[in-house]
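Shown next: work.tsv, given as TSV, N, CA and C atoms.
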chain	number	residue	atom	x	y	z
A	1	MET	N	-26.19	0.55	-37.61
A	1	MET	CA	-24.95	0.62	-36.86
A	1	MET	C	-24.23	-0.72	-36.91
A	2	LEU	N	-24.94	-1.81	-36.63
A	2	LEU	CA	-24.32	-3.13	-36.64
A	2	LEU	C	-23.86	-3.52	-38.04
A	3	ALA	N	-24.58	-3.06	-39.04
A	3	ALA	CA	-24.19	-3.37	-40.42
A	3	ALA	C	-22.85	-2.72	-40.74
A	4	ALA	N	-22.61	-1.52	-40.20
A	4	ALA	CA	-21.34	-0.84	-40.43
A	4	ALA	C	-20.21	-1.60	-39.73
A	5	LEU	N	-20.46	-2.17	-38.57
A	5	LEU	CA	-19.43	-2.93	-37.86
A	5	LEU	C	-19.10	-4.22	-38.59
A	6	ARG	N	-20.04	-4.79	-39.27
A	6	ARG	CA	-19.80	-6.03	-40.01
A	6	ARG	C	-18.93	-5.79	-41.24
A	7	LEU	N	-18.88	-4.56	-41.70
A	7	LEU	CA	-18.06	-4.24	-42.88
A	7	LEU	C	-16.58	-4.17	-42.55
A	8	ILE	N	-16.24	-4.06	-41.27
A	8	ILE	CA	-14.83	-3.98	-40.88
A	8	ILE	C	-14.22	-5.38	-40.96
A	9	PRO	N	-13.12	-5.52	-41.68
A	9	PRO	CA	-12.50	-6.85	-41.84
A	9	PRO	C	-11.99	-7.41	-40.51
A	10	GLY	N	-11.87	-8.74	-40.44
A	10	GLY	CA	-11.44	-9.43	-39.23
A	10	GLY	C	-10.03	-9.06	-38.81
A	11	LYS	N	-9.17	-8.74	-39.77
A	11	LYS	CA	-7.78	-8.39	-39.44
A	11	LYS	C	-7.74	-7.09	-38.63
A	12	ILE	N	-8.61	-6.16	-38.93
A	12	ILE	CA	-8.64	-4.89	-38.21
A	12	ILE	C	-9.11	-5.12	-36.77
A	13	TRP	N	-10.03	-6.07	-36.58
A	13	TRP	CA	-10.49	-6.38	-35.22
A	13	TRP	C	-9.32	-6.86	-34.36
A	14	GLY	N	-8.42	-7.62	-34.96
A	14	GLY	CA	-7.23	-8.09	-34.24
A	14	GLY	C	-6.35	-6.92	-33.81
A	15	TYR	N	-6.14	-5.98	-34.73
A	15	TYR	CA	-5.33	-4.80	-34.40
A	15	TYR	C	-6.01	-3.95	-33.31
A	16	LEU	N	-7.31	-3.82	-33.41
A	16	LEU	CA	-8.04	-3.06	-32.38
A	16	LEU	C	-7.93	-3.74	-31.02
A	17	ALA	N	-8.04	-5.05	-31.00
A	17	ALA	CA	-7.92	-5.79	-29.74
A	17	ALA	C	-6.51	-5.65	-29.15
A	18	ALA	N	-5.49	-5.74	-30.00
A	18	ALA	CA	-4.12	-5.59	-29.53
A	18	ALA	C	-3.89	-4.17	-29.01
A	19	GLY	N	-4.40	-3.18	-29.72
A	19	GLY	CA	-4.26	-1.80	-29.26
A	19	GLY	C	-4.95	-1.57	-27.93
A	20	LEU	N	-6.13	-2.14	-27.78
A	20	LEU	CA	-6.86	-2.02	-26.53
A	20	LEU	C	-6.09	-2.71	-25.39
A	21	ALA	N	-5.48	-3.85	-25.67
A	21	ALA	CA	-4.70	-4.56	-24.66
A	21	ALA	C	-3.51	-3.72	-24.21
A	22	VAL	N	-2.86	-3.04	-25.14
A	22	VAL	CA	-1.73	-2.18	-24.80
A	22	VAL	C	-2.20	-1.02	-23.93
A	23	LEU	N	-3.32	-0.41	-24.29
A	23	LEU	CA	-3.85	0.71	-23.48
A	23	LEU	C	-4.20	0.26	-22.06
A	24	VAL	N	-4.79	-0.92	-21.95
A	24	VAL	CA	-5.13	-1.44	-20.62
A	24	VAL	C	-3.86	-1.70	-19.82
A	25	ALA	N	-2.83	-2.25	-20.45
A	25	ALA	CA	-1.56	-2.52	-19.75
A	25	ALA	C	-0.92	-1.23	-19.27
A	26	VAL	N	-0.92	-0.21	-20.11
A	26	VAL	CA	-0.34	1.08	-19.72
A	26	VAL	C	-1.13	1.67	-18.56
A	27	TRP	N	-2.43	1.59	-18.61
A	27	TRP	CA	-3.27	2.11	-17.53
A	27	TRP	C	-2.98	1.38	-16.22
A	28	ARG	N	-2.83	0.07	-16.27
A	28	ARG	CA	-2.55	-0.71	-15.05
A	28	ARG	C	-1.19	-0.32	-14.45
A	29	ILE	N	-0.19	-0.11	-15.29
A	29	ILE	CA	1.12	0.30	-14.81
A	29	ILE	C	1.03	1.68	-14.16
A	30	TYR	N	0.31	2.59	-14.78
A	30	TYR	CA	0.12	3.94	-14.22
A	30	TYR	C	-0.57	3.86	-12.86
A	31	ALA	N	-1.62	3.07	-12.76
A	31	ALA	CA	-2.37	2.95	-11.51
A	31	ALA	C	-1.50	2.33	-10.41
A	32	ALA	N	-0.69	1.34	-10.76
A	32	ALA	CA	0.18	0.71	-9.77
A	32	ALA	C	1.22	1.70	-9.27
A	33	GLY	N	1.78	2.50	-10.14
A	33	GLY	CA	2.75	3.52	-9.73
A	33	GLY	C	2.13	4.56	-8.83
A	34	LYS	N	0.93	4.96	-9.15
A	34	LYS	CA	0.22	5.96	-8.34
A	34	LYS	C	-0.06	5.40	-6.95
A	35	SER	N	-0.46	4.15	-6.89
A	35	SER	CA	-0.74	3.52	-5.61
A	35	SER	C	0.53	3.38	-4.79
A	36	ALA	N	1.63	3.02	-5.43
A	36	ALA	CA	2.90	2.88	-4.72
A	36	ALA	C	3.37	4.22	-4.16
A	37	ALA	N	3.18	5.28	-4.91
A	37	ALA	CA	3.57	6.61	-4.44
A	37	ALA	C	2.72	7.03	-3.25
A	38	ARG	N	1.45	6.69	-3.27
A	38	ARG	CA	0.56	7.01	-2.15
A	38	ARG	C	0.99	6.27	-0.89
A	39	VAL	N	1.32	4.99	-1.04
A	39	VAL	CA	1.76	4.19	0.11
A	39	VAL	C	3.08	4.73	0.65
A	40	GLU	N	3.98	5.13	-0.21
A	40	GLU	CA	5.25	5.68	0.21
A	40	GLU	C	5.04	6.98	1.00
A	41	GLY	N	4.13	7.80	0.56
A	41	GLY	CA	3.82	9.03	1.28
A	41	GLY	C	3.22	8.75	2.64
A	42	MET	N	2.37	7.74	2.73
A	42	MET	CA	1.78	7.37	4.02
A	42	MET	C	2.85	6.85	4.98
A	43	GLU	N	3.81	6.08	4.47
A	43	GLU	CA	4.90	5.58	5.32
A	43	GLU	C	5.75	6.72	5.84
A	44	ALA	N	6.04	7.70	5.00
A	44	ALA	CA	6.81	8.87	5.44
A	44	ALA	C	6.04	9.65	6.50
A	45	GLN	N	4.74	9.78	6.32
A	45	GLN	CA	3.91	10.49	7.29
A	45	GLN	C	3.91	9.74	8.63
A	46	LEU	N	3.86	8.43	8.59
A	46	LEU	CA	3.90	7.63	9.81
A	46	LEU	C	5.24	7.80	10.53
A	47	ASP	N	6.34	7.79	9.79
A	47	ASP	CA	7.66	8.00	10.39
A	47	ASP	C	7.75	9.37	11.04
A	48	ASN	N	7.22	10.38	10.36
A	48	ASN	CA	7.24	11.74	10.93
A	48	ASN	C	6.41	11.80	12.22
A	49	MET	N	5.29	11.12	12.23
A	49	MET	CA	4.43	11.12	13.41
A	49	MET	C	5.11	10.42	14.58
A	50	GLU	N	5.80	9.32	14.31
A	50	GLU	CA	6.51	8.61	15.37
A	50	GLU	C	7.62	9.48	15.96
A	51	THR	N	8.34	10.20	15.10
A	51	THR	CA	9.39	11.11	15.57
A	51	THR	C	8.79	12.22	16.42
A	52	ARG	N	7.67	12.77	15.98
A	52	ARG	CA	7.01	13.84	16.74
A	52	ARG	C	6.56	13.34	18.10
A	53	ASN	N	5.97	12.15	18.14
A	53	ASN	CA	5.53	11.59	19.42
A	53	ASN	C	6.70	11.34	20.36
A	54	GLU	N	7.82	10.88	19.82
A	54	GLU	CA	9.01	10.65	20.65
A	54	GLU	C	9.51	11.97	21.23
A	55	ILE	N	9.53	13.02	20.43
A	55	ILE	CA	9.97	14.33	20.92
A	55	ILE	C	9.00	14.86	21.97
A	56	ASP	N	7.71	14.68	21.75
A	56	ASP	CA	6.72	15.11	22.74
A	56	ASP	C	6.89	14.36	24.06
A	57	ARG	N	7.18	13.06	23.99
A	57	ARG	CA	7.39	12.29	25.22
A	57	ARG	C	8.64	12.77	25.94
A	58	ASP	N	9.73	13.02	25.19
A	58	ASP	CA	10.96	13.50	25.82
A	58	ASP	C	10.75	14.86	26.46
A	59	THR	N	10.05	15.74	25.80
A	59	THR	CA	9.78	17.07	26.34
A	59	THR	C	8.85	16.99	27.54
A	60	GLY	N	7.90	16.08	27.51
A	60	GLY	CA	6.97	15.92	28.61
A	60	GLY	C	7.64	15.41	29.88
A	61	ARG	N	8.75	14.73	29.75
A	61	ARG	CA	9.46	14.20	30.92
A	61	ARG	C	10.30	15.26	31.63
A	62	LEU	N	10.56	16.36	30.95
A	62	LEU	CA	11.38	17.41	31.55
A	62	LEU	C	10.61	18.13	32.65
A	63	PRO	N	11.32	18.68	33.64
A	63	PRO	CA	10.62	19.46	34.67
A	63	PRO	C	10.08	20.77	34.08
A	64	ASP	N	9.27	21.49	34.85
A	64	ASP	CA	8.70	22.75	34.38
A	64	ASP	C	9.82	23.70	33.97
A	65	GLY	N	9.71	24.25	32.77
A	65	GLY	CA	10.72	25.18	32.25
A	65	GLY	C	11.95	24.48	31.70
A	66	GLY	N	11.97	23.18	31.75
A	66	GLY	CA	13.13	22.42	31.28
A	66	GLY	C	13.34	22.53	29.79
A	67	ALA	N	12.25	22.58	29.03
A	67	ALA	CA	12.38	22.69	27.58
A	67	ALA	C	12.98	24.04	27.20
A	68	ALA	N	12.55	25.10	27.88
A	68	ALA	CA	13.10	26.43	27.58
A	68	ALA	C	14.57	26.49	27.96
A	69	ASP	N	14.94	25.92	29.11
A	69	ASP	CA	16.34	25.90	29.52
A	69	ASP	C	17.19	25.11	28.53
A	70	ARG	N	16.65	24.02	28.06
A	70	ARG	CA	17.37	23.19	27.08
A	70	ARG	C	17.59	23.96	25.78
A	71	LEU	N	16.56	24.67	25.31
A	71	LEU	CA	16.71	25.46	24.09
A	71	LEU	C	17.70	26.60	24.29
A	72	ARG	N	17.63	27.27	25.44
A	72	ARG	CA	18.58	28.37	25.71
A	72	ARG	C	20.00	27.84	25.73
A	73	GLY	N	20.21	26.66	26.29
A	73	GLY	CA	21.55	26.09	26.36
A	73	GLY	C	22.08	25.72	24.98
A	74	GLN	N	21.21	25.27	24.09
A	74	GLN	CA	21.66	24.83	22.77
A	74	GLN	C	21.79	25.98	21.77
A	75	TRP	N	21.00	27.01	21.91
A	75	TRP	CA	20.92	28.01	20.87
A	75	TRP	C	21.43	29.39	21.29
A	76	SER	N	21.89	29.53	22.49
A	76	SER	CA	22.42	30.84	22.88
A	76	SER	C	23.93	30.88	22.67
A	77	ARG	N	24.43	32.08	22.48
A	77	ARG	CA	25.87	32.24	22.28
A	77	ARG	C	26.55	32.32	23.64
A	78	ASP	N	27.71	31.77	23.72
A	78	ASP	CA	28.44	31.80	25.00
A	78	ASP	C	29.27	33.06	25.12
Encoded form using structure tokens:
Amino acid sequence: MLAALRLIPGKIWGYLAAGLAVLVAVWRIYAAGKSAARVEGMEAQLDNMETRNEIDRDTGRLPDGGAADRLRGQWSRD
């Protein structure tokens, strides 16, 4: 096996190394993009959770039946 590798000229080793470097660079760019997309999704999820908590707090402050009255006032026809 090693004897077969010694038969490959030095110039080809340079091309193989350059090709491998390009593949590694492309892989790193792909991984960075994937990580950025994951972080962006987590930030959106956090924003949604904060909005939900704010709505829950506002609804919790209303008196008994206040949420239903509020919905009836906004969504019923006059």
Notebook entry, point to check: What is the atom C of A:Arg57-atom CA of A:Arg70 distance in Å, reported with one decimal?
Noted result: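 Straight-line distance from atom C of A:Arg57 to atom CA of A:Arg70 works out to 13.6 Å.
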Check: Hey, can you check how far atom CA of A:Met42 sits from atom CA of A:Asp58?
Finding: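 Value for the atom CA of A:Met42-atom CA of A:Asp58 distance: 24.4 Å.
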Check: At what distance in Å, to one decimal, does atom C of A:Leu20 lie from atom C of A:Ile8?
Finding: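 Taking atom C of A:Ile8 as the start and atom C of A:Leu20 as the end point, the length is 17.8 Å.
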